[in-house]
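Everything on this sheet refers to the single structure shown next.
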Amino acid sequence: NFKNELPEPTTIHWHGLIIDNAMDGVPFISQPPVQPGETFVYKFAAPDAPGTFFYHTHYATERQDILGLHGAFVVEDIQAPEKYAVDQLILLNEHRVVGGKTFPAMDFDNMLPNYFTINGKSFPSTQSVKAKVGDKLLFRFVGSGQFIHPMHIHGGPFEIIATDGYPVPAGARLTKDTVLVGPGERYDVVWTAQKPGKWLMHCHITHHLTNDGQEVMGAGGLTTVIEISP
């Protein structure tokens with residue numbers, strides 16, 4: 001049940017899901033825009049297989065989407081044979097903040113981002129992850145912004161087990177320590193904690209590791225810490 005409490009029309013598009021066209025959320029094409037104060041009921045069946053999907057507005061996307069009308073849509077398998085010590089969403093985004101106001105960040109002069117976030121926070125305010133040596137951690141990278149982010153984890157490689165919500169067959173899985181996450185893309189990766197310590201997860205574009213052009217505590221922006229105990 002989607003209620004529009006914005007002062008302008010909007011819709012929701014369910015990114016990557018196989019649904020009826022009337023539920024696709026494209027204004028003027030598959031449905032009328034949902035006007036301020038109105039409600040629209042989106043009806044569809046969840047996918048048969050688990051996966052990490054995405055939803056976002058499809059109205060005035062250059063503003064509404066970039067300024068936050070988006071999120072992850074996770075289908076879980078409650079009977080999965082393998083359980084993870086951590087199952088963590090990592091929504092990657094970027095913002096243009098000037099004079100205390102947030103503007104849509106775009107690849108144009110005077111619109112480039114100066115803040116970069118994980119789940120809406122810039123380091124050192126990002127949420128750390130805690131686990132123990134031997135634990136397997138599932139990270140769900142979601143490219144929810146407009147820029148690419150090569151995400152890197154210190155302390156050992158990870159295995160890519162799903163892309164864009166669909167599982168990668170065991171024989172085709174890649175083991176990497178950096179994965180390039182583009183706008184709208186999702187990667188599910190499994191990282192095994194091999195050594196104790198505080199290990200960084202961060203974007204490998206160095207500009208994206210700053211807050212308004214400045215490092216904070218040796219980092220910033222798209223950075224978080226994985227704390228592994230013995």
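We name chains A, B, ... following the order of the structure tokens; residues begin at 1 in each chain, and ligands are numbered from 1 as shown.
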Contacts of Leu138 of chain A at 8 Å (only C-alpha atoms; same-chain gap of 4+ positions) as a VMD selection string: chain A and resid 84 to 88 188 to 191
Just write the chosen residues, N, CA and C atoms, as a compact mmCIF listing (two decimals), in the first residue's frame.
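That gives us result-v5.txt:
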```txt
# COMPACT_ATOMS: atom_id res chain seq x y z
N TYR A 84 24.58 -17.34 7.74
CA TYR A 84 25.71 -16.44 7.83
C TYR A 84 25.70 -15.73 9.19
N ALA A 85 26.89 -15.49 9.71
CA ALA A 85 27.00 -14.79 10.99
C ALA A 85 26.51 -13.35 10.85
N VAL A 86 26.67 -12.79 9.65
CA VAL A 86 26.22 -11.43 9.36
C VAL A 86 25.56 -11.43 7.99
N ASP A 87 24.41 -10.78 7.87
CA ASP A 87 23.72 -10.58 6.59
C ASP A 87 23.45 -9.09 6.51
N GLN A 88 24.30 -8.36 5.77
CA GLN A 88 24.32 -6.90 5.86
C GLN A 88 24.08 -6.25 4.50
N ASP A 188 25.82 -9.94 -4.30
CA ASP A 188 25.87 -10.62 -3.01
C ASP A 188 27.22 -11.32 -2.93
N VAL A 189 28.00 -11.00 -1.91
CA VAL A 189 29.33 -11.59 -1.76
C VAL A 189 29.47 -12.19 -0.37
N VAL A 190 30.21 -13.28 -0.29
CA VAL A 190 30.47 -13.95 0.99
C VAL A 190 31.95 -13.79 1.32
N TRP A 191 32.20 -13.19 2.47
CA TRP A 191 33.56 -12.95 2.95
C TRP A 191 33.77 -13.75 4.22
```
Taking only C-alpha atoms into account, produce a table as JSON lines in which each residue of segment 111-227 of chain A with an atom at most 12 Å from an atom of segment 39-54 of chain A appears once, together with its shortest atom pair and the distance in Å to one decimal, ordered by chain and rising number.
```
{"residue": "A:Leu138", "atom": "CA", "partner": "A:Thr52", "partner_atom": "CA", "distance": 11.4}
{"residue": "A:Phe139", "atom": "CA", "partner": "A:Thr52", "partner_atom": "CA", "distance": 10.3}
{"residue": "A:Arg140", "atom": "CA", "partner": "A:Thr52", "partner_atom": "CA", "distance": 6.9}
{"residue": "A:Phe141", "atom": "CA", "partner": "A:Thr52", "partner_atom": "CA", "distance": 8.7}
{"residue": "A:Val142", "atom": "CA", "partner": "A:Phe54", "partner_atom": "CA", "distance": 7.7}
{"residue": "A:Gly143", "atom": "CA", "partner": "A:Phe54", "partner_atom": "CA", "distance": 9.1}
{"residue": "A:Ser144", "atom": "CA", "partner": "A:Phe54", "partner_atom": "CA", "distance": 8.1}
{"residue": "A:Gly145", "atom": "CA", "partner": "A:Phe54", "partner_atom": "CA", "distance": 11.6}
{"residue": "A:Ile161", "atom": "CA", "partner": "A:Gly51", "partner_atom": "CA", "distance": 10.1}
{"residue": "A:Ala162", "atom": "CA", "partner": "A:Gly51", "partner_atom": "CA", "distance": 7.4}
{"residue": "A:Thr163", "atom": "CA", "partner": "A:Thr52", "partner_atom": "CA", "distance": 8.2}
{"residue": "A:Asp164", "atom": "CA", "partner": "A:Phe53", "partner_atom": "CA", "distance": 6.5}
{"residue": "A:Gly165", "atom": "CA", "partner": "A:Gly51", "partner_atom": "CA", "distance": 4.1}
{"residue": "A:Tyr166", "atom": "CA", "partner": "A:Gly51", "partner_atom": "CA", "distance": 5.8}
{"residue": "A:Pro167", "atom": "CA", "partner": "A:Gly51", "partner_atom": "CA", "distance": 7.3}
{"residue": "A:Val168", "atom": "CA", "partner": "A:Gly51", "partner_atom": "CA", "distance": 10.8}
{"residue": "A:Pro183", "atom": "CA", "partner": "A:Phe54", "partner_atom": "CA", "distance": 10.9}
{"residue": "A:Gly184", "atom": "CA", "partner": "A:Phe54", "partner_atom": "CA", "distance": 7.5}
{"residue": "A:Glu185", "atom": "CA", "partner": "A:Phe54", "partner_atom": "CA", "distance": 8.7}
{"residue": "A:Arg186", "atom": "CA", "partner": "A:Thr52", "partner_atom": "CA", "distance": 6.7}
{"residue": "A:Tyr187", "atom": "CA", "partner": "A:Thr52", "partner_atom": "CA", "distance": 7.9}
{"residue": "A:Asp188", "atom": "CA", "partner": "A:Thr52", "partner_atom": "CA", "distance": 7.4}
{"residue": "A:Val189", "atom": "CA", "partner": "A:Thr52", "partner_atom": "CA", "distance": 11.1}
```
Using N, CA, C and O atoms, can you export the residues from the last selection as a PDB file, in the first residue's frame?
```pdb
ATOM      1  N   LEU A 138      27.755 -12.314   4.828  1.00  0.00           N
ATOM      2  CA  LEU A 138      27.110 -12.014   3.551  1.00  0.00           C
ATOM      3  C   LEU A 138      26.904 -10.509   3.449  1.00  0.00           C
ATOM      4  O   LEU A 138      26.233  -9.902   4.291  1.00  0.00           O
ATOM      5  N   PHE A 139      27.507  -9.907   2.432  1.00  0.00           N
ATOM      6  CA  PHE A 139      27.318  -8.483   2.161  1.00  0.00           C
ATOM      7  C   PHE A 139      26.529  -8.331   0.863  1.00  0.00           C
ATOM      8  O   PHE A 139      26.880  -8.921  -0.163  1.00  0.00           O
ATOM      9  N   ARG A 140      25.477  -7.511   0.928  1.00  0.00           N
ATOM     10  CA  ARG A 140      24.620  -7.260  -0.238  1.00  0.00           C
ATOM     11  C   ARG A 140      24.887  -5.837  -0.731  1.00  0.00           C
ATOM     12  O   ARG A 140      24.325  -4.873  -0.211  1.00  0.00           O
ATOM     13  N   PHE A 141      25.773  -5.705  -1.721  1.00  0.00           N
ATOM     14  CA  PHE A 141      26.082  -4.395  -2.289  1.00  0.00           C
ATOM     15  C   PHE A 141      24.946  -3.961  -3.217  1.00  0.00           C
ATOM     16  O   PHE A 141      24.525  -4.717  -4.102  1.00  0.00           O
ATOM     17  N   VAL A 142      24.481  -2.731  -3.028  1.00  0.00           N
ATOM     18  CA  VAL A 142      23.413  -2.172  -3.864  1.00  0.00           C
ATOM     19  C   VAL A 142      23.885  -0.823  -4.392  1.00  0.00           C
ATOM     20  O   VAL A 142      24.174   0.093  -3.608  1.00  0.00           O
ATOM     21  N   GLY A 143      23.984  -0.695  -5.710  1.00  0.00           N
ATOM     22  CA  GLY A 143      24.338   0.585  -6.325  1.00  0.00           C
ATOM     23  C   GLY A 143      23.114   1.475  -6.414  1.00  0.00           C
ATOM     24  O   GLY A 143      22.465   1.538  -7.449  1.00  0.00           O
ATOM     25  N   SER A 144      22.825   2.190  -5.330  1.00  0.00           N
ATOM     26  CA  SER A 144      21.578   2.960  -5.276  1.00  0.00           C
ATOM     27  C   SER A 144      21.749   4.410  -5.703  1.00  0.00           C
ATOM     28  O   SER A 144      20.781   5.176  -5.669  1.00  0.00           O
ATOM     29  N   GLY A 145      22.966   4.793  -6.110  1.00  0.00           N
ATOM     30  CA  GLY A 145      23.207   6.159  -6.556  1.00  0.00           C
ATOM     31  C   GLY A 145      23.411   6.246  -8.057  1.00  0.00           C
ATOM     32  O   GLY A 145      22.900   5.425  -8.821  1.00  0.00           O
ATOM     33  N   ILE A 161      28.331 -14.645  -4.987  1.00  0.00           N
ATOM     34  CA  ILE A 161      27.369 -15.743  -5.063  1.00  0.00           C
ATOM     35  C   ILE A 161      26.084 -15.370  -5.792  1.00  0.00           C
ATOM     36  O   ILE A 161      25.294 -16.256  -6.148  1.00  0.00           O
ATOM     37  N   ALA A 162      25.852 -14.075  -6.019  1.00  0.00           N
ATOM     38  CA  ALA A 162      24.640 -13.657  -6.737  1.00  0.00           C
ATOM     39  C   ALA A 162      24.879 -12.291  -7.355  1.00  0.00           C
ATOM     40  O   ALA A 162      25.626 -11.460  -6.813  1.00  0.00           O
ATOM     41  N   THR A 163      24.245 -12.054  -8.507  1.00  0.00           N
ATOM     42  CA  THR A 163      24.308 -10.753  -9.165  1.00  0.00           C
ATOM     43  C   THR A 163      22.902 -10.343  -9.575  1.00  0.00           C
ATOM     44  O   THR A 163      22.131 -11.140 -10.125  1.00  0.00           O
ATOM     45  N   ASP A 164      22.555  -9.086  -9.268  1.00  0.00           N
ATOM     46  CA  ASP A 164      21.253  -8.518  -9.628  1.00  0.00           C
ATOM     47  C   ASP A 164      20.086  -9.394  -9.168  1.00  0.00           C
ATOM     48  O   ASP A 164      19.059  -9.512  -9.855  1.00  0.00           O
ATOM     49  N   GLY A 165      20.258 -10.041  -8.018  1.00  0.00           N
ATOM     50  CA  GLY A 165      19.182 -10.812  -7.427  1.00  0.00           C
ATOM     51  C   GLY A 165      19.130 -12.271  -7.814  1.00  0.00           C
ATOM     52  O   GLY A 165      18.282 -13.014  -7.308  1.00  0.00           O
ATOM     53  N   TYR A 166      20.035 -12.709  -8.678  1.00  0.00           N
ATOM     54  CA  TYR A 166      19.974 -14.084  -9.167  1.00  0.00           C
ATOM     55  C   TYR A 166      21.268 -14.826  -8.828  1.00  0.00           C
ATOM     56  O   TYR A 166      22.360 -14.282  -8.966  1.00  0.00           O
ATOM     57  N   PRO A 167      21.155 -16.072  -8.374  1.00  0.00           N
ATOM     58  CA  PRO A 167      22.344 -16.802  -7.921  1.00  0.00           C
ATOM     59  C   PRO A 167      23.309 -17.116  -9.048  1.00  0.00           C
ATOM     60  O   PRO A 167      22.896 -17.380 -10.188  1.00  0.00           O
ATOM     61  N   VAL A 168      24.584 -17.083  -8.736  1.00  0.00           N
ATOM     62  CA  VAL A 168      25.626 -17.496  -9.673  1.00  0.00           C
ATOM     63  C   VAL A 168      25.883 -18.981  -9.445  1.00  0.00           C
ATOM     64  O   VAL A 168      26.125 -19.397  -8.310  1.00  0.00           O
ATOM     65  N   PRO A 183      25.477   1.829 -11.007  1.00  0.00           N
ATOM     66  CA  PRO A 183      24.143   2.264 -10.614  1.00  0.00           C
ATOM     67  C   PRO A 183      23.092   1.193 -10.927  1.00  0.00           C
ATOM     68  O   PRO A 183      23.039   0.678 -12.047  1.00  0.00           O
ATOM     69  N   GLY A 184      22.297   0.835  -9.935  1.00  0.00           N
ATOM     70  CA  GLY A 184      21.240  -0.161 -10.104  1.00  0.00           C
ATOM     71  C   GLY A 184      21.688  -1.597  -9.950  1.00  0.00           C
ATOM     72  O   GLY A 184      20.848  -2.494  -9.872  1.00  0.00           O
ATOM     73  N   GLU A 185      23.006  -1.847  -9.886  1.00  0.00           N
ATOM     74  CA  GLU A 185      23.507  -3.221  -9.776  1.00  0.00           C
ATOM     75  C   GLU A 185      23.483  -3.700  -8.334  1.00  0.00           C
ATOM     76  O   GLU A 185      23.565  -2.914  -7.389  1.00  0.00           O
ATOM     77  N   ARG A 186      23.383  -5.043  -8.191  1.00  0.00           N
ATOM     78  CA  ARG A 186      23.510  -5.663  -6.874  1.00  0.00           C
ATOM     79  C   ARG A 186      24.465  -6.843  -6.970  1.00  0.00           C
ATOM     80  O   ARG A 186      24.423  -7.615  -7.929  1.00  0.00           O
ATOM     81  N   TYR A 187      25.309  -6.959  -5.961  1.00  0.00           N
ATOM     82  CA  TYR A 187      26.211  -8.098  -5.834  1.00  0.00           C
ATOM     83  C   TYR A 187      26.100  -8.642  -4.415  1.00  0.00           C
ATOM     84  O   TYR A 187      26.271  -7.896  -3.451  1.00  0.00           O
ATOM     85  N   ASP A 188      25.816  -9.941  -4.302  1.00  0.00           N
ATOM     86  CA  ASP A 188      25.872 -10.624  -3.014  1.00  0.00           C
ATOM     87  C   ASP A 188      27.218 -11.325  -2.929  1.00  0.00           C
ATOM     88  O   ASP A 188      27.542 -12.163  -3.794  1.00  0.00           O
ATOM     89  N   VAL A 189      28.004 -10.998  -1.906  1.00  0.00           N
ATOM     90  CA  VAL A 189      29.327 -11.588  -1.762  1.00  0.00           C
ATOM     91  C   VAL A 189      29.467 -12.190  -0.370  1.00  0.00           C
ATOM     92  O   VAL A 189      28.908 -11.676   0.608  1.00  0.00           O
TER      93      VAL A 189
END
```
Given only C-alpha atoms as the counted atoms, nearest of A:Ile118, A:Val75, A:Leu180, A:Leu174 to Thr224 of chain A: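 The shortest atom-to-atom distance to Thr224 of chain A comes from A:Ile118.
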Exercise: His70 of chain A partners within 7 Å, only C-alpha atoms, chain neighbours under 5 positions left out, as number ranges by chain: A: 55-57, 65
With distances taken over only C-alpha atoms, which of A:Lys83, A:His58, A:His202, A:Arg96 is nearest to His13 of chain A? A:His58
